[in-house]
$ cat entry.cif   # mmCIF, C-alpha atoms
data_structure
loop_
_atom_site.label_atom_id
_atom_site.label_comp_id
_atom_site.auth_asym_id
_atom_site.auth_seq_id
_atom_site.Cartn_x
_atom_site.Cartn_y
_atom_site.Cartn_z
CA MET A 1 8.94 -0.13 -16.75
CA LYS A 2 6.23 2.20 -15.45
CA SER A 3 4.95 2.20 -11.87
CA LEU A 4 1.61 3.11 -10.33
CA VAL A 5 0.69 3.67 -6.69
CA ILE A 6 -2.94 3.07 -5.70
CA VAL A 7 -3.98 4.27 -2.25
CA TYR A 8 -7.09 4.71 -0.18
CA SER A 9 -6.40 7.17 2.63
CA TYR A 10 -9.22 8.89 4.40
CA HIS A 11 -9.27 9.75 8.09
CA HIS A 12 -5.89 11.37 8.76
CA HIS A 13 -4.22 10.77 5.36
CA ASN A 14 -1.57 8.64 7.07
CA THR A 15 -1.26 6.20 4.20
CA GLU A 16 -1.34 8.99 1.63
CA LYS A 17 1.89 10.33 3.16
CA ILE A 18 3.52 6.94 2.63
CA ALA A 19 2.10 6.70 -0.91
CA GLN A 20 3.60 10.08 -1.84
CA VAL A 21 7.06 9.03 -0.63
CA LEU A 22 6.84 5.77 -2.59
CA ALA A 23 5.56 7.54 -5.71
CA ASN A 24 8.33 10.15 -5.61
CA ILE A 25 11.04 7.49 -5.55
CA LEU A 26 9.32 5.31 -8.17
CA ASP A 27 8.36 8.28 -10.38
CA ALA A 28 4.79 7.01 -10.30
CA PRO A 29 1.37 8.62 -10.35
CA VAL A 30 -0.80 8.19 -7.25
CA LYS A 31 -4.44 7.27 -7.81
CA LYS A 32 -7.39 6.28 -5.66
CA PRO A 33 -8.98 2.88 -6.29
CA ASP A 34 -12.05 4.48 -7.86
CA GLU A 35 -9.82 6.39 -10.30
CA VAL A 36 -8.36 3.21 -11.79
CA ASN A 37 -9.93 0.69 -14.12
CA PRO A 38 -8.60 -2.87 -14.25
CA GLU A 39 -7.47 -2.57 -17.88
CA GLU A 40 -5.28 0.42 -17.05
CA ILE A 41 -3.32 -1.48 -14.41
CA SER A 42 -1.90 -3.85 -17.02
CA GLU A 43 0.00 -0.87 -18.51
CA TYR A 44 2.23 -0.76 -15.43
CA GLY A 45 5.06 -3.12 -14.61
CA LEU A 46 5.02 -2.40 -10.87
CA VAL A 47 1.83 -1.52 -9.00
CA GLY A 48 1.53 -0.57 -5.34
CA PHE A 49 -1.67 -1.14 -3.38
CA GLY A 50 -2.10 0.54 -0.01
CA SER A 51 -4.53 1.80 2.60
CA GLY A 52 -5.04 2.04 6.29
CA ILE A 53 -5.93 -1.22 7.95
CA TYR A 54 -9.62 -1.59 8.77
CA TYR A 55 -10.70 -4.53 10.91
CA GLY A 56 -7.47 -6.40 10.12
CA ARG A 57 -7.37 -5.83 6.35
CA HIS A 58 -6.94 -3.23 3.63
CA HIS A 59 -9.86 -0.99 2.77
CA GLU A 60 -12.73 -2.61 0.90
CA SER A 61 -12.16 -0.40 -2.18
CA LEU A 62 -8.73 -2.02 -2.71
CA LEU A 63 -10.07 -5.52 -2.15
CA SER A 64 -12.88 -4.84 -4.63
CA LEU A 65 -10.40 -3.52 -7.20
CA ALA A 66 -8.28 -6.65 -6.77
CA ASP A 67 -11.38 -8.78 -7.41
CA ARG A 68 -11.98 -6.96 -10.71
CA LEU A 69 -8.40 -7.33 -12.01
CA HIS A 70 -7.78 -9.54 -14.99
CA LYS A 71 -5.43 -12.49 -14.70
CA VAL A 72 -1.88 -11.59 -15.72
CA SER A 73 1.21 -13.56 -16.57
CA THR A 74 3.79 -10.91 -15.69
CA GLY A 75 2.34 -8.61 -13.05
CA THR A 76 4.38 -7.34 -10.12
CA ALA A 77 2.81 -5.64 -7.12
CA PHE A 78 3.75 -4.38 -3.69
CA LEU A 79 1.59 -3.76 -0.65
CA PHE A 80 1.73 -1.02 1.97
CA SER A 81 -0.34 0.13 4.90
CA THR A 82 -0.56 2.16 8.06
CA ALA A 83 -2.19 0.69 11.15
CA ALA A 84 -2.71 1.23 14.84
CA ILE A 85 -0.74 -1.89 15.71
CA THR A 86 2.16 -3.08 13.56
CA GLY A 87 5.05 -5.51 13.49
CA ASP A 88 6.20 -7.93 10.80
CA ALA A 89 3.78 -10.72 11.75
CA LYS A 90 0.85 -8.33 12.25
CA THR A 91 1.47 -6.51 8.96
CA SER A 92 1.78 -9.82 7.11
CA LYS A 93 -1.53 -10.97 8.57
CA ASP A 94 -3.22 -7.63 7.79
CA HIS A 95 -1.99 -7.83 4.20
CA SER A 96 -2.95 -11.48 3.70
CA ARG A 97 -6.37 -10.95 2.13
CA LEU A 98 -5.15 -8.47 -0.50
CA ARG A 99 -1.97 -10.47 -1.10
CA GLU A 100 -3.98 -13.65 -1.76
CA LYS A 101 -6.36 -11.86 -4.15
CA LEU A 102 -3.46 -10.39 -6.16
CA GLN A 103 -1.56 -13.68 -6.24
CA SER A 104 -4.69 -15.47 -7.47
CA LYS A 105 -4.68 -13.04 -10.42
CA GLY A 106 -1.07 -13.89 -11.23
CA TYR A 107 0.75 -11.04 -9.51
CA VAL A 108 4.13 -11.58 -7.88
CA ILE A 109 4.40 -9.65 -4.63
CA ALA A 110 7.67 -7.71 -4.73
CA GLY A 111 7.51 -6.57 -1.11
CA GLU A 112 5.38 -5.27 1.71
CA PHE A 113 5.65 -2.19 3.90
CA GLY A 114 3.76 -1.26 7.03
CA CYS A 115 4.09 1.39 9.70
CA LYS A 116 2.05 2.91 12.48
CA GLY A 117 -0.55 5.54 11.72
CA PHE A 118 -2.46 7.99 13.88
CA ASN A 119 -5.71 6.33 14.92
CA THR A 120 -8.78 7.99 16.43
CA TYR A 121 -11.27 5.24 15.68
CA SER A 122 -14.08 4.54 18.14
CA PHE A 123 -13.28 5.25 21.79
CA LEU A 124 -9.73 6.33 20.91
CA LYS A 125 -11.04 9.72 19.80
CA TYR A 126 -12.04 10.43 23.40
CA ILE A 127 -8.52 9.89 24.71
CA GLY A 128 -6.67 11.74 21.94
CA GLY A 129 -6.05 8.72 19.74
CA MET A 130 -3.02 6.52 19.50
CA ASN A 131 0.19 6.86 17.51
CA LYS A 132 -0.14 10.64 17.31
CA GLY A 133 2.43 12.05 14.90
CA ARG A 134 2.71 8.83 12.90
CA PRO A 135 3.84 8.21 10.31
CA ASN A 136 6.85 10.18 11.49
CA ALA A 137 10.17 11.06 9.85
CA ASP A 138 11.60 7.61 10.63
CA ASP A 139 8.57 5.91 9.05
CA LEU A 140 8.88 8.08 5.94
CA HIS A 141 12.60 7.29 5.73
CA ARG A 142 11.86 3.55 5.94
CA ALA A 143 9.27 4.00 3.17
CA GLU A 144 11.95 5.72 1.05
CA GLU A 145 14.34 2.83 1.61
CA PHE A 146 11.61 0.34 0.70
CA ALA A 147 10.86 2.24 -2.52
CA MET A 148 14.55 2.50 -3.42
CA SER A 149 14.85 -1.26 -3.01
CA LEU A 150 11.85 -1.81 -5.29
CA LYS A 151 13.27 0.61 -7.83
CA LYS A 152 16.65 -1.13 -7.83
CA ASP A 153 15.21 -4.63 -8.06
CA TYR A 154 12.28 -4.11 -10.40
CA LEU A 155 12.74 -0.91 -12.36
CA THR A 156 16.46 -0.57 -13.03
CA GLY A 157 17.50 -4.21 -12.90
CA LYS A 158 19.31 -6.10 -10.18
#
$ encode --input "entry.cif" --output "structure tokens"
Amino acid sequence: MKSLVIVYSYHHHNTEKIAQVLANILDAPVKKPDEVNPEEISEYGLVGFGSGIYYGRHHESLLSLADRLHKVSTGTAFLFSTAAITGDAKTSKDHSRLREKLQSKGYVIAGEFGCKGFNTYSFLKYIGGMNKGRPNADDLHRAEEFAMSLKKDYLTGK
């Protein structure tokens, strides 16, 4: 089964760092949302969707891509993000819009990953930002473990 990692990462490339770790473990290409067409996604058995969190949700380019996806009967996806504020409940809430769009298209969500990312949005740029140095080595290690779990459960069999 082939994997694909789709990521939108702009300001500090926080989420791109996570995407690269995931892609290395899953032996998957990394593409931006505008580099993928909906038909192509059906060629992959496991697809990751990730971005920074903007106003409590994934970037609009990912949400738009999810809207354009065709309904599937056997699609498996995972979600990931970096954000200024994280925690299991916060990450779940931040992921809810994308999760619901993918599930409405027939995708099973294999897992979700979130960690802190360096943020200099708005007034934060004047005080040096928050979460400087994130994602850090611990975050990248947790991303590796998440990817290894996905690989074990969805790519090599349980």
$ atom_distance --input "entry.cif" --atom1 "CA of Leu79 in chain A" --atom2 "CA of Glu112 in chain A"
4.7 Å
$ residues_near_point --input "entry.cif" --point "(-3.3, -5.7, 7.9)" --cutoff "10 Å" --atoms "only C-alpha atoms" --output "list in words"
Ser51, Gly52, Ile53, Tyr54, Tyr55, Gly56, Arg57, His58, His59, Phe80, Ser81, Thr82, Ala83, Ala84, Ile85, Thr86, Ala89, Lys90, Thr91, Ser92, Lys93, Asp94, His95, Ser96, Arg97, Leu98 and Gly114 of chain A
$ closest_atom_pairs --input "entry.cif" --of "range 16-78 of chain A" --to "range 134-152 of chain A" --cutoff "8 Å" --atoms "only C-alpha atoms" --output "Markdown table"
| residue | atom | partner | partner_atom | distance |
| --- | --- | --- | --- | --- |
| A:Lys17 | CA | A:Pro135 | CA | 7.7 |
| A:Ile18 | CA | A:Leu140 | CA | 6.4 |
| A:Val21 | CA | A:Glu144 | CA | 6.1 |
| A:Leu22 | CA | A:Ala147 | CA | 5.4 |
| A:Ile25 | CA | A:Ala147 | CA | 6.1 |
| A:Leu26 | CA | A:Lys151 | CA | 6.1 |
$ write_last_selection --input "entry.cif" --atoms "C-alpha atoms" --output "CSV table (one decimal), in the coordinates of the input"
chain,number,residue,atom,x,y,z
A,17,LYS,CA,1.9,10.3,3.2
A,18,ILE,CA,3.5,6.9,2.6
A,21,VAL,CA,7.1,9.0,-0.6
A,22,LEU,CA,6.8,5.8,-2.6
A,25,ILE,CA,11.0,7.5,-5.6
A,26,LEU,CA,9.3,5.3,-8.2
$ atom_distance --input "entry.cif" --atom1 "CA of Lys2 in chain A" --atom2 "CA of Gly48 in chain A"
11.5 Å
$ residues_around --input "entry.cif" --residues "Tyr154 in chain A" --least-positions-apart "4" --cutoff "9 Å" --atoms "only C-alpha atoms" --output "PyMOL selection string"
chain A and resi 1+45-46+76+110+149-150+158
$ resolve_selection --input "entry.cif" --expression "the PyMOL selection byres ((chain A and resi 44) around 12)" --output "list in words"
Met1, Lys2, Ser3, Leu4, Val5, Ile6, Leu26, Ala28, Pro29, Val36, Pro38, Glu39, Glu40, Ile41, Ser42, Glu43, Gly45, Leu46, Val47, Gly48, Val72, Thr74, Gly75, Thr76, Ala77, Tyr107, Tyr154 and Leu155 of chain A
$ resolve_selection --input "entry.cif" --expression "the PyMOL selection byres ((chain A and resi 32) around 9)" --output "PyMOL selection string"
chain A and resi 5-9+30-31+33-36+61-62
$ resolve_selection --input "entry.cif" --expression "the PyMOL selection byres ((chain A and resi 106) around 7)" --output "list in words"
Lys71, Val72, Ser73, Gly75, Leu102, Gln103, Ser104, Lys105, Tyr107 and Val108 of chain A
$ atom_distance --input "entry.cif" --atom1 "CA of Ala19 in chain A" --atom2 "CA of Lys101 in chain A"
20.7 Å
$ closest_residue --input "entry.cif" --among "A:Asn37, A:Asn24, A:Gly111, A:Asn119" --to "Arg99 in chain A" --atoms "only C-alpha atoms"
A:Gly111
